[in-house]
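Asker: Okay, so here is upload_5.txt, and as you'll see once you scroll down, it has compact mmCIF, C-alpha atoms and all ligand atoms.
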```txt
# COMPACT_ATOMS: atom_id res chain seq x y z
CA MET Z 1 46.46 13.24 -25.49
CA ARG Z 2 42.98 14.70 -25.42
CA MET Z 3 40.26 12.68 -23.73
CA VAL Z 4 36.51 12.87 -23.52
CA VAL Z 5 35.04 11.10 -20.49
CA LEU Z 6 31.44 9.86 -20.54
CA VAL Z 7 29.75 9.48 -17.15
CA SER Z 8 26.35 8.80 -15.60
CA GLY Z 9 26.91 9.00 -11.86
CA ARG Z 10 29.33 9.40 -8.97
CA GLY Z 11 32.44 9.89 -11.09
CA SER Z 12 35.12 8.38 -8.85
CA ASN Z 13 36.90 6.94 -11.91
CA LEU Z 14 36.80 10.38 -13.53
CA GLN Z 15 38.28 11.77 -10.31
CA ALA Z 16 41.09 9.21 -10.43
CA ILE Z 17 41.93 10.42 -13.95
CA LEU Z 18 41.78 14.09 -12.94
CA ASP Z 19 43.97 13.43 -9.87
CA ALA Z 20 46.55 11.55 -11.92
CA ILE Z 21 46.75 14.46 -14.38
CA GLU Z 22 46.98 16.98 -11.54
CA ASP Z 23 49.80 14.99 -9.85
CA GLY Z 24 51.73 14.66 -13.08
CA ARG Z 25 51.26 10.87 -13.21
CA LEU Z 26 49.30 11.10 -16.44
CA ALA Z 27 50.30 13.29 -19.37
CA ALA Z 28 46.86 13.89 -20.81
CA GLU Z 29 44.01 16.35 -20.79
CA VAL Z 30 40.32 15.82 -20.11
CA ALA Z 31 38.92 18.02 -22.87
CA ALA Z 32 35.27 17.42 -21.97
CA VAL Z 33 33.04 15.43 -19.64
CA ILE Z 34 29.65 14.41 -21.01
CA SER Z 35 26.87 12.99 -18.85
CA ASP Z 36 23.51 11.52 -19.81
CA VAL Z 37 22.23 12.28 -16.29
CA PRO Z 38 21.82 15.97 -15.38
CA ASP Z 39 22.55 15.67 -11.66
CA ALA Z 40 25.45 13.23 -11.93
CA TYR Z 41 28.00 14.09 -9.25
CA ALA Z 42 30.72 13.50 -11.86
CA LEU Z 43 29.73 16.82 -13.47
CA LYS Z 44 30.56 18.65 -10.23
CA ARG Z 45 33.97 16.97 -10.12
CA ALA Z 46 34.65 18.08 -13.69
CA GLU Z 47 33.55 21.65 -13.01
CA ARG Z 48 35.79 21.77 -9.95
CA ALA Z 49 38.71 20.77 -12.17
CA GLY Z 50 37.81 23.41 -14.75
CA VAL Z 51 36.80 20.85 -17.38
CA PRO Z 52 33.96 21.78 -19.79
CA THR Z 53 30.83 19.74 -19.06
CA TYR Z 54 27.87 18.78 -21.20
CA CYS Z 55 24.67 16.92 -20.47
CA ILE Z 56 22.86 15.05 -23.23
CA GLU Z 57 19.72 13.26 -22.11
CA LYS Z 58 18.21 10.37 -24.00
CA ARG Z 59 14.67 11.61 -23.36
CA ASP Z 60 15.32 14.74 -25.46
CA TYR Z 61 15.70 12.62 -28.60
CA SER Z 62 13.11 10.58 -30.42
CA SER Z 63 15.44 7.70 -31.27
CA ARG Z 64 18.54 6.05 -29.90
CA ALA Z 65 20.39 6.92 -33.12
CA ASP Z 66 19.56 10.63 -32.76
CA PHE Z 67 20.69 10.59 -29.14
CA GLU Z 68 23.95 8.91 -30.05
CA THR Z 69 24.55 11.30 -32.94
CA ALA Z 70 24.16 14.24 -30.55
CA LEU Z 71 26.53 12.54 -28.12
CA ALA Z 72 29.06 11.90 -30.89
CA ASP Z 73 28.80 15.49 -32.22
CA CYS Z 74 29.45 16.79 -28.73
CA ALA Z 75 32.41 14.45 -28.16
CA GLU Z 76 33.87 15.21 -31.59
CA GLY Z 77 33.81 18.92 -30.77
CA ALA Z 78 36.50 18.22 -28.16
CA ARG Z 79 38.73 16.49 -30.77
CA PRO Z 80 39.45 13.44 -28.61
CA ASP Z 81 42.28 10.96 -29.09
CA LEU Z 82 40.53 8.69 -26.61
CA ILE Z 83 36.99 8.38 -25.27
CA VAL Z 84 36.65 6.83 -21.81
CA LEU Z 85 33.38 5.42 -20.53
CA ALA Z 86 33.79 5.83 -16.77
CA GLY Z 87 30.56 4.69 -15.18
CA PHE Z 88 28.55 5.55 -18.30
CA MET Z 89 25.52 3.31 -17.94
CA ARG Z 90 24.24 3.08 -21.51
CA VAL Z 91 25.06 0.67 -24.28
CA LEU Z 92 26.32 2.55 -27.35
CA GLY Z 93 25.49 1.59 -30.92
CA GLU Z 94 26.84 2.27 -34.38
CA ALA Z 95 25.69 5.90 -34.52
CA PHE Z 96 28.27 6.66 -31.84
CA LEU Z 97 30.93 3.96 -32.18
CA ASP Z 98 31.39 4.22 -35.96
CA ARG Z 99 32.55 7.80 -35.46
CA PHE Z 100 35.50 6.83 -33.21
CA PRO Z 101 36.89 3.47 -34.34
CA GLY Z 102 39.45 2.02 -31.92
CA LYS Z 103 39.18 5.00 -29.61
CA VAL Z 104 36.45 4.08 -27.11
CA ILE Z 105 37.28 2.19 -23.90
CA ASN Z 106 35.15 1.19 -20.91
CA ILE Z 107 35.81 0.14 -17.34
CA HIS Z 108 33.68 -2.66 -15.96
CA PRO Z 109 33.66 -4.06 -12.40
CA SER Z 110 34.16 -7.75 -13.20
CA LEU Z 111 36.67 -10.11 -14.71
CA LEU Z 112 35.14 -10.19 -18.19
CA PRO Z 113 33.85 -12.21 -19.94
CA SER Z 114 32.16 -13.15 -16.65
CA PHE Z 115 29.35 -10.99 -15.28
CA ARG Z 116 28.52 -8.56 -18.06
CA GLY Z 117 25.90 -5.87 -17.64
CA LEU Z 118 24.45 -4.39 -14.49
CA GLU Z 119 25.40 -5.20 -10.89
CA ALA Z 120 28.47 -7.17 -11.85
CA GLN Z 121 29.72 -7.32 -8.25
CA ARG Z 122 26.39 -8.78 -7.06
CA GLN Z 123 26.51 -11.30 -9.91
CA ALA Z 124 30.01 -12.36 -8.78
CA LEU Z 125 28.91 -12.80 -5.16
CA GLU Z 126 25.83 -14.76 -6.21
CA ALA Z 127 27.96 -17.04 -8.37
CA GLY Z 128 30.20 -17.74 -5.39
CA VAL Z 129 33.46 -16.97 -7.20
CA ARG Z 130 36.60 -16.59 -5.09
CA TYR Z 131 38.20 -13.99 -7.34
CA ALA Z 132 36.50 -10.93 -8.75
CA GLY Z 133 38.02 -7.81 -10.28
CA CYS Z 134 37.75 -5.25 -13.02
CA THR Z 135 38.42 -4.96 -16.73
CA VAL Z 136 39.20 -2.18 -19.18
CA HIS Z 137 38.17 -3.11 -22.71
CA PHE Z 138 37.51 -1.57 -26.09
CA VAL Z 139 33.83 -0.91 -26.64
CA ASP Z 140 32.04 -2.78 -29.39
CA LEU Z 141 28.35 -3.16 -30.19
CA GLY Z 142 27.76 -5.82 -27.52
CA VAL Z 143 27.34 -5.41 -23.79
CA ASP Z 144 30.80 -5.41 -22.16
CA SER Z 145 32.00 -7.69 -24.94
CA GLY Z 146 34.84 -5.80 -26.66
CA LEU Z 147 38.49 -6.72 -26.78
CA ILE Z 148 40.02 -6.89 -23.29
CA ILE Z 149 42.94 -4.51 -22.71
CA ASP Z 150 43.80 -5.32 -19.09
CA GLN Z 151 42.35 -6.58 -15.82
CA ARG Z 152 42.97 -6.52 -12.08
CA VAL Z 153 42.09 -9.37 -9.74
CA VAL Z 154 40.47 -8.87 -6.33
CA ARG Z 155 40.06 -11.68 -3.80
CA VAL Z 156 36.50 -12.25 -2.56
CA LEU Z 157 36.76 -12.42 1.23
CA PRO Z 158 34.54 -14.40 3.61
CA GLY Z 159 31.71 -12.13 4.71
CA ASP Z 160 31.97 -9.80 1.71
CA ASP Z 161 28.75 -8.11 0.67
CA VAL Z 162 28.11 -6.03 -2.45
CA GLU Z 163 29.30 -2.90 -0.70
CA THR Z 164 32.61 -4.22 0.65
CA LEU Z 165 33.48 -6.10 -2.52
CA SER Z 166 32.55 -3.14 -4.74
CA ALA Z 167 34.74 -0.83 -2.66
CA ARG Z 168 37.79 -3.09 -3.02
CA ILE Z 169 37.19 -3.51 -6.74
CA LEU Z 170 36.76 0.25 -7.15
CA GLU Z 171 40.20 0.91 -5.68
CA GLN Z 172 41.67 -1.34 -8.36
CA GLU Z 173 39.51 0.27 -11.05
CA HIS Z 174 41.03 3.66 -10.34
CA ASP Z 175 44.55 2.32 -10.66
CA LEU Z 176 43.85 0.16 -13.69
CA LEU Z 177 42.05 2.87 -15.65
CA VAL Z 178 44.84 5.41 -15.18
CA ASP Z 179 47.42 2.79 -16.10
CA VAL Z 180 45.61 1.79 -19.32
CA ILE Z 181 45.14 5.43 -20.34
CA ARG Z 182 48.85 6.06 -19.79
CA ARG Z 183 49.73 3.07 -21.96
CA PHE Z 184 47.22 4.11 -24.62
CA GLY Z 185 48.84 7.56 -24.74
CA ALA Z 186 52.25 5.92 -25.15
CA GLY Z 187 50.98 3.86 -28.08
CA LEU Z 188 51.33 0.62 -26.09
CA VAL Z 189 47.71 -0.54 -26.24
C1 LIG R 201 32.25 1.65 -11.58
O1 LIG R 201 32.30 0.57 -10.67
C2 LIG R 201 32.28 1.16 -13.01
O2 LIG R 201 33.13 0.06 -13.20
C3 LIG R 201 30.84 0.77 -13.20
O3 LIG R 201 30.11 1.77 -12.58
C4 LIG R 201 30.87 2.31 -11.51
C5 LIG R 201 30.99 3.81 -11.72
O4 LIG R 201 31.62 4.41 -10.63
N1 LIG R 201 30.52 0.64 -14.59
C6 LIG R 201 29.69 -0.28 -15.06
O5 LIG R 201 29.11 -1.09 -14.36
C7 LIG R 201 29.49 -0.23 -16.57
N2 LIG R 201 28.94 -1.46 -17.03
P1 LIG R 201 32.14 5.89 -10.70
O6 LIG R 201 30.99 6.73 -11.29
O7 LIG R 201 32.43 6.27 -9.29
O8 LIG R 201 33.36 5.93 -11.59
```
Just give me the structure of the file as structure tokens.
Ligand code: GAR
Answerer:
Amino acid sequence: MRMVVLVSGRGSNLQAILDAIEDGRLAAEVAAVISDVPDAYALKRAERAGVPTYCIEKRDYSSRADFETALADCAEGARPDLIVLAGFMRVLGEAFLDRFPGKVINIHPSLLPSFRGLEAQRQALEAGVRYAGCTVHFVDLGVDSGLIIDQRVVRVLPGDDVETLSARILEQEHDLLVDVIRRFGAGLV
């Protein structure tokens, strides 16, 4: 299974995928990593693993559709079976999604449909929920609104702040994302 991973930042979820492939826990290949942020640390992780990297910045295009078309052309060049948004911080529209129906998944640090959008962990703490978590879902035109594939639950502990809660959720993200990709590859999603 060939994957394209879209990133914007740190890339710890990308690293979890690369490590699982390296260890033989995941029979797949990251064919390309594409970032919309030139200095995203995720690009370094990809380079270290010998994965081709690309950077496509929104500001180089006059419209969102042109940007997304460039992104889709780049992704298509890697002939992906699956496109994984792993900390990719932009909402994608039709110009991208129509090119890869049923093939684009995202990881989000909340138990969707609660706490869509930015700073999901902070939203959870502010709402006072006792259970938080993460979700992998298919990407549709909404914000974190596509069909849910699977979730992991994380207990909110007394004294948690954004940092401690995010760190515990992130551990589960890494496990969940690899697990969903494995099942997708096996035709079980
Ligand atoms: C992760 O927590 C991911 O769930 C979140 O950004 C972080 C990226 O971390 N994504 C979103 O909030 C998307 N709405 P990473 O770059 O270390 O994988």
Asker: I'd like to know which of Z:Asp98, Z:Glu57, Z:Glu163, Z:Asp19 is closest to Glu119 in chain Z, using all atoms listed in the file.
Answerer: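 Of all the options, Z:Glu163 lies closest to Glu119 in chain Z.
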Asker: For ligand LIG 201 (chain R), collect every residue having any atom at a distance of at most 10 Å from a ligand atom (counting all atoms listed in the file); output as an NGL selection string.
Answerer: :Z and (6-17 or 40-42 or 85-91 or 106-110 or 115-121 or 133-136 or 143-144 or 166-167 or 169-174 or 177)
Asker: Taking only C-alpha atoms into account, name the residue in Z:Glu68, Z:Asp60, Z:Glu29, Z:Glu94 that is nearest to Gly142 in chain Z.
Answerer: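 Residue with the minimum atom-to-atom distance to Gly142 in chain Z: Z:Glu94.
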Asker: Taking all atoms listed in the file into account, which of Z:Arg122, Z:Arg2, Z:Arg155, Z:Arg183 comes nearest Asp81 in chain Z?
Answerer: Z:Arg2
Asker: I need the residue nearest Pro113 in chain Z from this list: Z:Val129, Z:Ile148, Z:Leu176, Z:Ala78. Use only C-alpha atoms for the distance.
Answerer: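 Looking at the shortest contact to Pro113 in chain Z, the residue is Z:Ile148.
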Asker: Measuring between all atoms listed in the file, which one of Z:Leu141, Z:Ala20, Z:Leu188, Z:Val33 shows the shortest distance to Arg48 in chain Z?
Answerer: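 With all atoms listed in the file as the atom set, the closest residue is Z:Val33.
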Asker: When you draw a straight line from CA of Ala32 in chain Z to CA of Asp175 in chain Z, how long is it in Å?
Answerer: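 Going from CA of Ala32 in chain Z over to CA of Asp175 in chain Z, I get 21.0 Å.
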Asker: Give me the residues near Ala95 in chain Z as an NGL selection string, where near means some atom within 8 Å (using all atoms listed in the file) and where sequence neighbours in that chain fewer than 6 positions away do not count.
Answerer: :Z and (65-66 or 68-69 or 72)
Asker: Kindly indicate which residue among Z:Leu112, Z:Lys44, Z:Val178, Z:Ala31 lies nearest to Leu147 in chain Z, using all atoms listed in the file for the distances.
Answerer: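 Comparing Z:Leu112, Z:Lys44, Z:Val178, Z:Ala31 against Leu147 in chain Z, the winner is Z:Leu112.
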Asker: Provide the CA of Asp140 in chain Z to CA of Leu82 in chain Z distance in Å, to one decimal place.
Answerer: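 We find that CA of Asp140 in chain Z and CA of Leu82 in chain Z lie 14.5 Å from each other.
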Asker: Separation of CA of Val5 in chain Z and CA of Ile34 in chain Z, in Å?
Answerer: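 Computing the Euclidean distance for CA of Val5 in chain Z and CA of Ile34 in chain Z yields 6.3 Å.
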